[in-house]
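Have a look at the structure below, then the notes.
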Amino acid sequence: MKPSMNMILKKYNLLILLLVFIVIASILSPNFLTVSNFFNLLQQASIPGIVALGMTLVIIIGGIDLSVGSVLAFSGMVASMIVLHFDGSYGGIIIGIIAALLVSFVMGLMTGILTSYFKLPDFIASLAMMEIARGAALLTTNGNPVFGLGERFNFIGGGFIGGRLAVSAIFWILLTVLVALILKYTVFGRSLYAIGGNKEAATLSGIKTRINYVATYIITALLAGFAGILTASWMSTGQPTAGTGAELDAIAASVIGGASLSGGIGSAFGTFGGVLLLQILTNIMNLVGLPSFYQRIAKGLIIIFALLLNKYVSKSKAK
């Protein structure tokens, strides 16, 4: 039997959207379909992509995490201050990375405990953590950036392999594959879908929902913290205002990639495509010279369109 247009749309809706935008971009700008722009696209999407991976895990369990942008900023500041203190030495870089990830771990642990053991709504707990982390990031240097982090540190987030492929893009791709494997082949990954689908049923079936909740928020914070390290490295600057709005882009990318805010649905590769779609949109508007305020309007409209398409596809699948 020949596949109908409806069946094709159900299965390949995100891929179709990506192809449509690639075609539009190619028409609008001859510079879009170039090797250099492709690698630039990967680099630009890598840090938002890593943050979005963590957000996808939280969304799968039916939660939300508004603190990822602030965690990104605070971890970046911690790493930057330590690297600067040790004059950009290899030892200082290692200590800085470990300290930044440790700080991220603690913030994720706190959010997870507040949501799972104290039963605070995810929105409120993560909102509180967002304010705490952002305040801490600003407090570290009284709101001043940290400069002079050195070339060694810069290579982690701003370096290239073969002169083209960004190191940050390699991290993003590897982490996407790792998260995809965890979701598909591990007990922990399958438990997340069960919790998001029906939390009570998951608990009754023997799944330790509280522990899984805490673990999910810790992983999300660690990914945001790692993204903060990459951001500081790429910019060679610890910026306390970095990551502003990152949580909204992460949520948008996850949902465009097929994740459901109701929980129980989502994938690492879907999120990868969602991040690429948003980055292609930004790339198109930059190439054609569209002013930033028009870009925000256009981006919002595209997100609405993509979400409506996903909603239509989800309803069609349920029939």
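Every chain in the structure tokens takes a letter, A first, then B, and so on in the order presented; its residues are numbered from 1, and the ligands are numbered from 1 following the presented order.
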Env of range 70-72 of chain A: 7 Å cut, atoms = only C-alpha atoms, seq-sep filter 3 positions within chain, self excluded. Answer as an NGL selection string. :A and (67 or 75-76 or 104 or 130 or 133-134 or 221 or 224-225 or 227-228 or 243)
Would you put the residues from that selection into a file with all heavy atoms, as a short mmCIF file (atom, residue, chain, number, x, y, z; two decimals), in the first residue's frame?
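Output file selection-v1.cif follows:
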data_model
loop_
_atom_site.label_atom_id
_atom_site.label_comp_id
_atom_site.auth_asym_id
_atom_site.auth_seq_id
_atom_site.Cartn_x
_atom_site.Cartn_y
_atom_site.Cartn_z
N SER A 67 15.75 27.21 35.20
CA SER A 67 17.01 27.69 35.77
C SER A 67 18.22 27.46 34.87
O SER A 67 19.32 27.90 35.19
CB SER A 67 17.27 27.00 37.11
OG SER A 67 17.53 25.61 36.94
N SER A 75 27.93 28.73 36.31
CA SER A 75 29.02 27.76 36.11
C SER A 75 30.13 28.36 35.26
O SER A 75 31.32 28.13 35.51
CB SER A 75 28.49 26.48 35.46
OG SER A 75 27.99 26.75 34.17
N GLY A 76 29.74 29.16 34.26
CA GLY A 76 30.73 29.83 33.42
C GLY A 76 31.58 30.80 34.21
O GLY A 76 32.79 30.91 34.00
N SER A 104 27.06 23.14 39.41
CA SER A 104 25.87 22.79 38.63
C SER A 104 25.16 21.58 39.25
O SER A 104 23.92 21.54 39.33
CB SER A 104 26.27 22.45 37.19
OG SER A 104 26.95 23.53 36.59
N MET A 130 16.52 29.71 39.38
CA MET A 130 16.94 30.64 38.33
C MET A 130 17.40 31.95 38.96
O MET A 130 18.46 32.48 38.59
CB MET A 130 15.79 30.90 37.36
CG MET A 130 16.10 31.91 36.27
SD MET A 130 14.70 32.23 35.15
CE MET A 130 13.69 33.29 36.20
N ALA A 133 20.72 31.31 41.09
CA ALA A 133 21.91 31.11 40.24
C ALA A 133 22.32 32.40 39.54
O ALA A 133 23.51 32.72 39.45
CB ALA A 133 21.64 30.02 39.22
N ARG A 134 21.35 33.16 39.05
CA ARG A 134 21.67 34.42 38.36
C ARG A 134 22.25 35.43 39.35
O ARG A 134 23.22 36.13 39.04
CB ARG A 134 20.42 34.99 37.69
CG ARG A 134 20.67 36.27 36.90
CD ARG A 134 21.57 36.03 35.70
NE ARG A 134 20.94 35.20 34.70
CZ ARG A 134 21.52 34.82 33.57
NH1 ARG A 134 22.76 35.21 33.29
NH2 ARG A 134 20.89 34.04 32.70
N ALA A 221 21.08 20.10 34.93
CA ALA A 221 21.95 21.17 35.44
C ALA A 221 23.40 20.95 35.00
O ALA A 221 24.10 21.92 34.66
CB ALA A 221 21.86 21.22 36.96
N ALA A 224 23.66 22.05 31.45
CA ALA A 224 23.64 23.51 31.41
C ALA A 224 24.97 24.08 31.90
O ALA A 224 25.51 25.04 31.34
CB ALA A 224 22.49 24.06 32.25
N GLY A 225 25.52 23.46 32.95
CA GLY A 225 26.81 23.89 33.47
C GLY A 225 27.93 23.69 32.46
O GLY A 225 28.81 24.56 32.30
N ALA A 227 27.52 23.63 29.26
CA ALA A 227 27.28 24.66 28.24
C ALA A 227 27.84 26.01 28.69
O ALA A 227 28.34 26.79 27.88
CB ALA A 227 25.79 24.77 27.94
N GLY A 228 27.76 26.28 30.00
CA GLY A 228 28.32 27.52 30.53
C GLY A 228 29.83 27.57 30.41
O GLY A 228 30.41 28.61 30.09
N GLY A 243 23.51 33.39 28.84
CA GLY A 243 22.43 32.41 28.98
C GLY A 243 21.05 33.01 29.22
O GLY A 243 20.09 32.27 29.46
#
List the spatial neighbours of range 82-95 of chain A as a tab-separated table (two decimals) with all heavy atoms, in the first residue's frame - criterion: any atom at most 12 Å away, only C-alpha atoms, same-chain residues fewer than 2 positions off excluded.
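Dumped everything to around_37.tsv:
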chain	number	residue	atom	x	y	z
A	75	SER	N	27.93	28.73	36.31
A	75	SER	CA	29.02	27.76	36.11
A	75	SER	C	30.13	28.36	35.26
A	75	SER	O	31.32	28.13	35.51
A	75	SER	CB	28.49	26.48	35.46
A	75	SER	OG	27.99	26.75	34.17
A	76	GLY	N	29.74	29.16	34.26
A	76	GLY	CA	30.73	29.83	33.42
A	76	GLY	C	31.58	30.80	34.21
A	76	GLY	O	32.79	30.91	34.00
A	77	MET	N	30.95	31.50	35.15
A	77	MET	CA	31.68	32.45	35.99
A	77	MET	C	32.64	31.73	36.93
A	77	MET	O	33.77	32.16	37.15
A	77	MET	CB	30.70	33.32	36.79
A	77	MET	CG	29.92	34.32	35.95
A	77	MET	SD	30.99	35.51	35.09
A	77	MET	CE	31.67	36.42	36.48
A	78	VAL	N	32.17	30.63	37.52
A	78	VAL	CA	33.02	29.85	38.44
A	78	VAL	C	34.26	29.34	37.70
A	78	VAL	O	35.39	29.49	38.17
A	78	VAL	CB	32.23	28.67	39.04
A	78	VAL	CG1	33.17	27.71	39.78
A	78	VAL	CG2	31.15	29.17	39.99
A	79	ALA	N	34.03	28.75	36.52
A	79	ALA	CA	35.16	28.24	35.73
A	79	ALA	C	36.11	29.37	35.35
A	79	ALA	O	37.34	29.23	35.45
A	79	ALA	CB	34.63	27.54	34.48
A	80	SER	N	35.56	30.50	34.92
A	80	SER	CA	36.38	31.63	34.47
A	80	SER	C	37.26	32.19	35.58
A	80	SER	O	38.44	32.47	35.37
A	80	SER	CB	35.48	32.74	33.92
A	80	SER	OG	34.73	32.28	32.82
A	97	ILE	N	36.87	23.50	35.56
A	97	ILE	CA	35.79	22.69	34.97
A	97	ILE	C	35.12	21.84	36.04
A	97	ILE	O	33.89	21.76	36.12
A	97	ILE	CB	36.34	21.80	33.83
A	97	ILE	CG1	36.73	22.67	32.63
A	97	ILE	CG2	35.31	20.75	33.42
A	97	ILE	CD1	37.46	21.92	31.54
A	98	ILE	N	35.93	21.20	36.89
A	98	ILE	CA	35.38	20.35	37.95
A	98	ILE	C	34.54	21.19	38.92
A	98	ILE	O	33.42	20.79	39.30
A	98	ILE	CB	36.51	19.63	38.72
A	98	ILE	CG1	37.19	18.61	37.81
A	98	ILE	CG2	35.96	18.95	39.97
A	98	ILE	CD1	38.44	17.98	38.40
A	99	ALA	N	35.05	22.36	39.30
A	99	ALA	CA	34.32	23.24	40.24
A	99	ALA	C	33.00	23.70	39.63
A	99	ALA	O	31.96	23.72	40.31
A	99	ALA	CB	35.19	24.44	40.61
A	100	ALA	N	33.02	24.07	38.34
A	100	ALA	CA	31.81	24.54	37.67
A	100	ALA	C	30.76	23.44	37.59
A	100	ALA	O	29.57	23.67	37.82
A	100	ALA	CB	32.16	25.05	36.27
A	101	LEU	N	31.21	22.22	37.28
A	101	LEU	CA	30.28	21.10	37.20
A	101	LEU	C	29.75	20.72	38.58
A	101	LEU	O	28.59	20.32	38.72
A	101	LEU	CB	30.96	19.89	36.55
A	101	LEU	CG	31.29	20.04	35.05
A	101	LEU	CD1	32.02	18.81	34.54
A	101	LEU	CD2	30.03	20.28	34.23
A	102	LEU	N	30.59	20.85	39.59
A	102	LEU	CA	30.16	20.57	40.96
A	102	LEU	C	29.08	21.55	41.41
A	102	LEU	O	28.07	21.16	42.01
A	102	LEU	CB	31.36	20.64	41.91
A	102	LEU	CG	31.09	20.31	43.39
A	102	LEU	CD1	30.55	18.89	43.53
A	102	LEU	CD2	32.35	20.48	44.22
A	140	THR	N	29.48	37.12	42.08
A	140	THR	CA	30.89	36.67	42.06
A	140	THR	C	31.86	37.79	41.72
A	140	THR	O	32.95	37.86	42.28
A	140	THR	CB	31.08	35.52	41.04
A	140	THR	OG1	30.53	35.93	39.78
A	140	THR	CG2	30.41	34.24	41.51
A	145	PRO	N	32.34	41.34	33.91
A	145	PRO	CA	32.85	40.17	33.16
A	145	PRO	C	34.27	39.83	33.60
A	145	PRO	O	34.98	40.67	34.17
A	145	PRO	CB	32.83	40.66	31.70
A	145	PRO	CG	31.97	41.87	31.68
A	145	PRO	CD	32.09	42.49	33.03
A	146	VAL	N	34.68	38.60	33.32
A	146	VAL	CA	36.04	38.14	33.62
A	146	VAL	C	36.77	37.95	32.29
A	146	VAL	O	36.35	37.15	31.45
A	146	VAL	CB	36.04	36.81	34.40
A	146	VAL	CG1	37.45	36.30	34.63
A	146	VAL	CG2	35.31	36.99	35.73
A	147	PHE	N	37.85	38.69	32.10
A	147	PHE	CA	38.59	38.63	30.83
A	147	PHE	C	39.94	37.92	31.00
A	147	PHE	O	40.36	37.61	32.11
A	147	PHE	CB	38.84	40.05	30.30
A	147	PHE	CG	37.60	40.85	30.02
A	147	PHE	CD1	37.19	41.85	30.90
A	147	PHE	CD2	36.84	40.59	28.90
A	147	PHE	CE1	36.05	42.59	30.65
A	147	PHE	CE2	35.69	41.32	28.63
A	147	PHE	CZ	35.30	42.32	29.51
A	148	GLY	N	40.60	37.68	29.86
A	148	GLY	CA	41.96	37.16	29.87
A	148	GLY	C	42.09	35.72	30.30
A	148	GLY	O	42.92	35.40	31.15
A	149	LEU	N	41.26	34.85	29.73
A	149	LEU	CA	41.25	33.44	30.15
A	149	LEU	C	42.26	32.57	29.40
A	149	LEU	O	42.45	31.41	29.75
A	149	LEU	CB	39.84	32.87	29.99
A	149	LEU	CG	38.74	33.63	30.76
A	149	LEU	CD1	37.39	32.97	30.54
A	149	LEU	CD2	39.07	33.70	32.24
A	150	GLY	N	42.87	33.09	28.36
A	150	GLY	CA	43.95	32.37	27.68
A	150	GLY	C	43.51	31.46	26.56
A	150	GLY	O	42.35	31.04	26.47
A	151	GLU	N	44.44	31.15	25.69
A	151	GLU	CA	44.16	30.33	24.49
A	151	GLU	C	43.86	28.88	24.83
A	151	GLU	O	43.10	28.22	24.13
A	151	GLU	CB	45.33	30.41	23.52
A	151	GLU	CG	45.51	31.78	22.88
A	151	GLU	CD	46.63	31.80	21.86
A	151	GLU	OE1	47.18	30.73	21.57
A	151	GLU	OE2	46.96	32.90	21.38
A	152	ARG	N	44.50	28.36	25.87
A	152	ARG	CA	44.27	26.96	26.23
A	152	ARG	C	42.81	26.72	26.59
A	152	ARG	O	42.19	25.76	26.14
A	152	ARG	CB	45.17	26.56	27.40
A	152	ARG	CG	46.66	26.52	27.07
A	152	ARG	CD	47.48	26.36	28.34
A	152	ARG	NE	48.90	26.33	28.05
A	152	ARG	CZ	49.85	26.40	28.97
A	152	ARG	NH1	49.52	26.49	30.25
A	152	ARG	NH2	51.12	26.37	28.63
A	153	PHE	N	42.28	27.61	27.41
A	153	PHE	CA	40.87	27.48	27.81
A	153	PHE	C	39.95	27.75	26.63
A	153	PHE	O	38.91	27.11	26.48
A	153	PHE	CB	40.58	28.45	28.96
A	153	PHE	CG	39.18	28.34	29.51
A	153	PHE	CD1	38.73	27.15	30.07
A	153	PHE	CD2	38.32	29.43	29.46
A	153	PHE	CE1	37.44	27.06	30.59
A	153	PHE	CE2	37.03	29.34	29.98
A	153	PHE	CZ	36.59	28.15	30.54
A	154	ASN	N	40.34	28.68	25.78
A	154	ASN	CA	39.53	29.04	24.62
A	154	ASN	C	39.29	27.88	23.67
A	154	ASN	O	38.25	27.78	23.01
A	154	ASN	CB	40.18	30.20	23.86
A	154	ASN	CG	39.48	30.54	22.57
A	154	ASN	OD1	39.95	30.21	21.48
A	154	ASN	ND2	38.33	31.18	22.67
A	155	PHE	N	40.25	26.95	23.62
A	155	PHE	CA	40.14	25.83	22.67
A	155	PHE	C	38.95	24.92	22.98
A	155	PHE	O	38.33	24.37	22.08
A	155	PHE	CB	41.43	25.00	22.69
A	155	PHE	CG	41.40	23.84	21.73
A	155	PHE	CD1	41.61	24.04	20.38
A	155	PHE	CD2	41.14	22.55	22.19
A	155	PHE	CE1	41.56	22.97	19.48
A	155	PHE	CE2	41.10	21.48	21.31
A	155	PHE	CZ	41.31	21.69	19.95
A	156	ILE	N	38.58	24.78	24.26
A	156	ILE	CA	37.51	23.86	24.65
A	156	ILE	C	36.19	24.22	23.99
A	156	ILE	O	35.47	23.36	23.48
A	156	ILE	CB	37.34	23.86	26.19
A	156	ILE	CG1	38.64	23.40	26.86
A	156	ILE	CG2	36.18	22.95	26.60
A	156	ILE	CD1	38.64	23.61	28.37
A	229	ILE	N	30.48	26.43	30.65
A	229	ILE	CA	31.93	26.33	30.48
A	229	ILE	C	32.31	26.58	29.02
A	229	ILE	O	33.24	27.33	28.73
A	229	ILE	CB	32.43	24.95	30.94
A	229	ILE	CG1	32.21	24.76	32.44
A	229	ILE	CG2	33.91	24.76	30.60
A	229	ILE	CD1	32.36	23.33	32.92
A	230	LEU	N	31.58	25.97	28.11
A	230	LEU	CA	31.84	26.14	26.68
A	230	LEU	C	31.61	27.60	26.25
A	230	LEU	O	32.36	28.13	25.43
A	230	LEU	CB	30.94	25.22	25.85
A	230	LEU	CG	31.19	23.71	25.96
A	230	LEU	CD1	30.19	22.95	25.11
A	230	LEU	CD2	32.61	23.36	25.55
A	232	ALA	N	31.88	30.38	28.16
A	232	ALA	CA	32.98	31.19	28.68
A	232	ALA	C	34.26	30.95	27.87
A	232	ALA	O	35.01	31.88	27.57
A	232	ALA	CB	33.22	30.88	30.15
A	233	SER	N	34.47	29.67	27.52
A	233	SER	CA	35.65	29.31	26.73
A	233	SER	C	35.59	29.94	25.34
A	233	SER	O	36.57	30.50	24.85
A	233	SER	CB	35.74	27.79	26.63
A	233	SER	OG	36.71	27.41	25.67
A	236	SER	N	36.04	33.55	25.56
A	236	SER	CA	37.23	33.90	26.36
A	236	SER	C	36.89	34.94	27.42
A	236	SER	O	37.71	35.76	27.81
A	236	SER	CB	38.35	34.43	25.45
A	236	SER	OG	38.90	33.39	24.69
A	237	THR	N	35.64	34.87	27.87
A	237	THR	CA	35.13	35.83	28.86
A	237	THR	C	34.09	35.15	29.74
A	237	THR	O	33.20	34.48	29.24
A	237	THR	CB	34.46	37.03	28.16
A	237	THR	OG1	35.37	37.61	27.23
A	237	THR	CG2	34.02	38.08	29.17
A	238	GLY	N	34.22	35.35	31.03
A	238	GLY	CA	33.17	34.93	31.94
A	238	GLY	C	32.14	36.04	32.03
A	238	GLY	O	32.44	37.13	32.52
So, counting only C-alpha atoms, which residue among A:Ile16, A:Ile50, A:Val68, A:Ala125 is closest to Phe105 in chain A?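 Checking each candidate against Phe105 in chain A, we get A:Val68 as the closest.
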For range 38-46 of chain A, work out the shell of residues within 7 Å, counting only C-alpha atoms and skipping chain neighbours fewer than 3 positions away, then give it as a PDB file with N, CA and C atoms, in the first residue's frame.
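Done, and the output landed in selection_10.pdb:
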ATOM      1  N   THR A  34      26.802  26.718   1.802  1.00  0.00           N
ATOM      2  CA  THR A  34      28.251  26.668   1.654  1.00  0.00           C
ATOM      3  C   THR A  34      28.815  25.860   2.815  1.00  0.00           C
ATOM      4  N   VAL A  35      29.976  25.274   2.598  1.00  0.00           N
ATOM      5  CA  VAL A  35      30.595  24.441   3.629  1.00  0.00           C
ATOM      6  C   VAL A  35      30.891  25.266   4.880  1.00  0.00           C
ATOM      7  N   GLY A  49      22.093  23.646  21.856  1.00  0.00           N
ATOM      8  CA  GLY A  49      21.734  22.239  21.690  1.00  0.00           C
ATOM      9  C   GLY A  49      22.016  21.415  22.928  1.00  0.00           C
ATOM     10  N   ILE A  50      23.121  21.684  23.597  1.00  0.00           N
ATOM     11  CA  ILE A  50      23.471  20.956  24.818  1.00  0.00           C
ATOM     12  C   ILE A  50      22.486  21.292  25.939  1.00  0.00           C
ATOM     13  N   ARG A 164      37.946  23.593  10.704  1.00  0.00           N
ATOM     14  CA  ARG A 164      36.549  23.839  10.335  1.00  0.00           C
ATOM     15  C   ARG A 164      35.553  23.400  11.404  1.00  0.00           C
ATOM     16  N   LEU A 165      35.687  22.139  11.857  1.00  0.00           N
ATOM     17  CA  LEU A 165      34.696  21.575  12.773  1.00  0.00           C
ATOM     18  C   LEU A 165      34.960  22.039  14.203  1.00  0.00           C
ATOM     19  N   ALA A 166      33.987  22.759  14.765  1.00  0.00           N
ATOM     20  CA  ALA A 166      34.138  23.306  16.117  1.00  0.00           C
ATOM     21  C   ALA A 166      34.151  22.190  17.149  1.00  0.00           C
ATOM     22  N   SER A 168      33.097  22.467  20.138  1.00  0.00           N
ATOM     23  CA  SER A 168      31.794  22.512  20.816  1.00  0.00           C
ATOM     24  C   SER A 168      30.740  21.705  20.049  1.00  0.00           C
ATOM     25  N   ALA A 169      30.820  21.723  18.713  1.00  0.00           N
ATOM     26  CA  ALA A 169      29.880  20.949  17.894  1.00  0.00           C
ATOM     27  C   ALA A 169      30.106  19.450  18.093  1.00  0.00           C
ATOM     28  N   TRP A 172      28.489  18.487  21.288  1.00  0.00           N
ATOM     29  CA  TRP A 172      27.032  18.442  21.123  1.00  0.00           C
ATOM     30  C   TRP A 172      26.591  17.145  20.456  1.00  0.00           C
ATOM     31  N   VAL A 275      16.689  22.160  17.458  1.00  0.00           N
ATOM     32  CA  VAL A 275      17.728  23.189  17.630  1.00  0.00           C
ATOM     33  C   VAL A 275      18.239  23.655  16.275  1.00  0.00           C
ATOM     34  N   LEU A 276      18.474  22.711  15.378  1.00  0.00           N
ATOM     35  CA  LEU A 276      18.941  23.061  14.030  1.00  0.00           C
ATOM     36  C   LEU A 276      17.923  23.941  13.307  1.00  0.00           C
ATOM     37  N   GLN A 279      18.115  27.386  14.654  1.00  0.00           N
ATOM     38  CA  GLN A 279      19.370  28.027  14.267  1.00  0.00           C
ATOM     39  C   GLN A 279      19.382  28.386  12.785  1.00  0.00           C
TER      40      GLN A 279
END
Going by DSSP on the backbone, which bits of range 62-279 of chain A are strand (DSSP E)? Write them as an MDAnalysis selection string, please. chainID A and resid 160:161 165:166
Measuring atom to atom with only C-alpha atoms, identify which of A:Ala250, A:Ala137, A:Ile132, A:Leu114 is nearest to Met81 in chain A.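 Distance minimum relative to Met81 in chain A lands on A:Ala137.
Taking CA of Lys311 in chain A and CA of Leu53 in chain A as endpoints, the distance between them is 21.0 Å.
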Contacts of Ile24 in chain A at 12 Å or less, counting only C-alpha atoms, minus same-chain residues fewer than 2 places along, as a VMD selection string? chain A and resid 17 to 22 26 to 30 32 to 33 280 to 281 283 to 285 287 to 288
Residues of the last selection are to be written out with N, CA, C and O atoms, as a PDB file, in the first residue's frame.
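Generated file (out04.pdb):
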ATOM      1  N   LEU A  17      10.057  20.068   7.668  1.00  0.00           N
ATOM      2  CA  LEU A  17      10.247  21.472   8.044  1.00  0.00           C
ATOM      3  C   LEU A  17      11.689  21.919   7.826  1.00  0.00           C
ATOM      4  O   LEU A  17      11.939  23.012   7.309  1.00  0.00           O
ATOM      5  N   LEU A  18      12.639  21.064   8.205  1.00  0.00           N
ATOM      6  CA  LEU A  18      14.051  21.387   8.014  1.00  0.00           C
ATOM      7  C   LEU A  18      14.370  21.590   6.535  1.00  0.00           C
ATOM      8  O   LEU A  18      15.036  22.558   6.156  1.00  0.00           O
ATOM      9  N   LEU A  19      13.877  20.688   5.699  1.00  0.00           N
ATOM     10  CA  LEU A  19      14.123  20.785   4.255  1.00  0.00           C
ATOM     11  C   LEU A  19      13.497  22.048   3.666  1.00  0.00           C
ATOM     12  O   LEU A  19      14.104  22.715   2.815  1.00  0.00           O
ATOM     13  N   VAL A  20      12.289  22.362   4.126  1.00  0.00           N
ATOM     14  CA  VAL A  20      11.597  23.570   3.641  1.00  0.00           C
ATOM     15  C   VAL A  20      12.419  24.816   3.962  1.00  0.00           C
ATOM     16  O   VAL A  20      12.629  25.683   3.109  1.00  0.00           O
ATOM     17  N   PHE A  21      12.913  24.897   5.188  1.00  0.00           N
ATOM     18  CA  PHE A  21      13.684  26.068   5.594  1.00  0.00           C
ATOM     19  C   PHE A  21      15.038  26.129   4.898  1.00  0.00           C
ATOM     20  O   PHE A  21      15.546  27.216   4.611  1.00  0.00           O
ATOM     21  N   ILE A  22      15.625  24.970   4.634  1.00  0.00           N
ATOM     22  CA  ILE A  22      16.894  24.942   3.896  1.00  0.00           C
ATOM     23  C   ILE A  22      16.694  25.476   2.478  1.00  0.00           C
ATOM     24  O   ILE A  22      17.505  26.253   1.963  1.00  0.00           O
ATOM     25  N   SER A  26      18.283  28.867   0.975  1.00  0.00           N
ATOM     26  CA  SER A  26      19.114  28.814  -0.231  1.00  0.00           C
ATOM     27  C   SER A  26      18.647  29.816  -1.275  1.00  0.00           C
ATOM     28  O   SER A  26      19.459  30.397  -2.003  1.00  0.00           O
ATOM     29  N   ILE A  27      17.332  30.023  -1.329  1.00  0.00           N
ATOM     30  CA  ILE A  27      16.777  30.992  -2.276  1.00  0.00           C
ATOM     31  C   ILE A  27      17.089  32.423  -1.837  1.00  0.00           C
ATOM     32  O   ILE A  27      17.467  33.275  -2.645  1.00  0.00           O
ATOM     33  N   LEU A  28      16.932  32.667  -0.547  1.00  0.00           N
ATOM     34  CA  LEU A  28      17.134  34.018  -0.019  1.00  0.00           C
ATOM     35  C   LEU A  28      18.598  34.443  -0.005  1.00  0.00           C
ATOM     36  O   LEU A  28      18.905  35.625  -0.148  1.00  0.00           O
ATOM     37  N   SER A  29      19.483  33.458   0.203  1.00  0.00           N
ATOM     38  CA  SER A  29      20.903  33.808   0.279  1.00  0.00           C
ATOM     39  C   SER A  29      21.760  32.716  -0.361  1.00  0.00           C
ATOM     40  O   SER A  29      21.704  31.553   0.053  1.00  0.00           O
ATOM     41  N   PRO A  30      22.575  33.081  -1.364  1.00  0.00           N
ATOM     42  CA  PRO A  30      23.467  32.098  -2.000  1.00  0.00           C
ATOM     43  C   PRO A  30      24.582  31.630  -1.060  1.00  0.00           C
ATOM     44  O   PRO A  30      25.250  30.633  -1.336  1.00  0.00           O
ATOM     45  N   PHE A  32      24.098  30.537   1.938  1.00  0.00           N
ATOM     46  CA  PHE A  32      23.622  29.574   2.939  1.00  0.00           C
ATOM     47  C   PHE A  32      24.192  28.175   2.694  1.00  0.00           C
ATOM     48  O   PHE A  32      24.726  27.558   3.605  1.00  0.00           O
ATOM     49  N   LEU A  33      24.068  27.678   1.461  1.00  0.00           N
ATOM     50  CA  LEU A  33      24.532  26.319   1.154  1.00  0.00           C
ATOM     51  C   LEU A  33      26.028  26.308   0.831  1.00  0.00           C
ATOM     52  O   LEU A  33      26.444  25.936  -0.256  1.00  0.00           O
ATOM     53  N   ILE A 280      18.780  27.525  11.953  1.00  0.00           N
ATOM     54  CA  ILE A 280      18.670  27.823  10.526  1.00  0.00           C
ATOM     55  C   ILE A 280      17.830  29.076  10.328  1.00  0.00           C
ATOM     56  O   ILE A 280      18.162  29.948   9.505  1.00  0.00           O
ATOM     57  N   LEU A 281      16.753  29.172  11.106  1.00  0.00           N
ATOM     58  CA  LEU A 281      15.895  30.353  11.023  1.00  0.00           C
ATOM     59  C   LEU A 281      16.679  31.617  11.371  1.00  0.00           C
ATOM     60  O   LEU A 281      16.620  32.629  10.661  1.00  0.00           O
ATOM     61  N   ASN A 283      19.917  31.937  11.247  1.00  0.00           N
ATOM     62  CA  ASN A 283      20.949  32.078  10.216  1.00  0.00           C
ATOM     63  C   ASN A 283      20.393  32.740   8.961  1.00  0.00           C
ATOM     64  O   ASN A 283      21.032  33.621   8.378  1.00  0.00           O
ATOM     65  N   ILE A 284      19.188  32.349   8.578  1.00  0.00           N
ATOM     66  CA  ILE A 284      18.546  32.949   7.397  1.00  0.00           C
ATOM     67  C   ILE A 284      18.380  34.453   7.597  1.00  0.00           C
ATOM     68  O   ILE A 284      18.729  35.266   6.736  1.00  0.00           O
ATOM     69  N   MET A 285      17.839  34.809   8.746  1.00  0.00           N
ATOM     70  CA  MET A 285      17.545  36.221   9.015  1.00  0.00           C
ATOM     71  C   MET A 285      18.817  37.059   9.114  1.00  0.00           C
ATOM     72  O   MET A 285      18.829  38.226   8.730  1.00  0.00           O
ATOM     73  N   LEU A 287      21.625  36.319   7.447  1.00  0.00           N
ATOM     74  CA  LEU A 287      22.173  36.391   6.096  1.00  0.00           C
ATOM     75  C   LEU A 287      21.468  37.432   5.232  1.00  0.00           C
ATOM     76  O   LEU A 287      22.091  38.081   4.388  1.00  0.00           O
ATOM     77  N   VAL A 288      20.147  37.575   5.448  1.00  0.00           N
ATOM     78  CA  VAL A 288      19.397  38.558   4.647  1.00  0.00           C
ATOM     79  C   VAL A 288      19.386  39.940   5.309  1.00  0.00           C
ATOM     80  O   VAL A 288      18.806  40.882   4.779  1.00  0.00           O
TER      81      VAL A 288
END
Running DSSP on the backbone, which parts of range 228-291 of chain A land in alpha helix (DSSP H), as an MDAnalysis selection string? chainID A and resid 228:235 246:256 268:287
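Nearest residue to Leu277 in chain A, choosing from A:Gly112, A:Ala246, A:Gly163, A:Val255 and counting only C-alpha atoms: A:Val255.
Between Pro48 in chain A and the residues A:Met110, A:Leu309, A:Met235, A:Ala252, the shortest atom-to-atom distance, using only C-alpha atoms, involves A:Ala252.
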Identify which of the residues A:Ala52, A:Ala215, A:Val179, A:Ala25 lies closest to Ile256 in chain A, counting only C-alpha atoms when measuring atom-to-atom distances.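 Smallest separation from Ile256 in chain A among the options: A:Ala52.
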How many Å separate CA of Leu175 in chain A from CA of Leu223 in chain A? 9.1 Å
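Note that the spacing between CA of Leu183 in chain A and CA of Ser267 in chain A amounts to 7.7 Å.
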I need the residue nearest Pro240 in chain A from this list: A:Leu278, A:Ile113, A:Ile211, A:Ala73. Use only C-alpha atoms for the distance.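 Comparing A:Leu278, A:Ile113, A:Ile211, A:Ala73 against Pro240 in chain A, the winner is A:Ala73.
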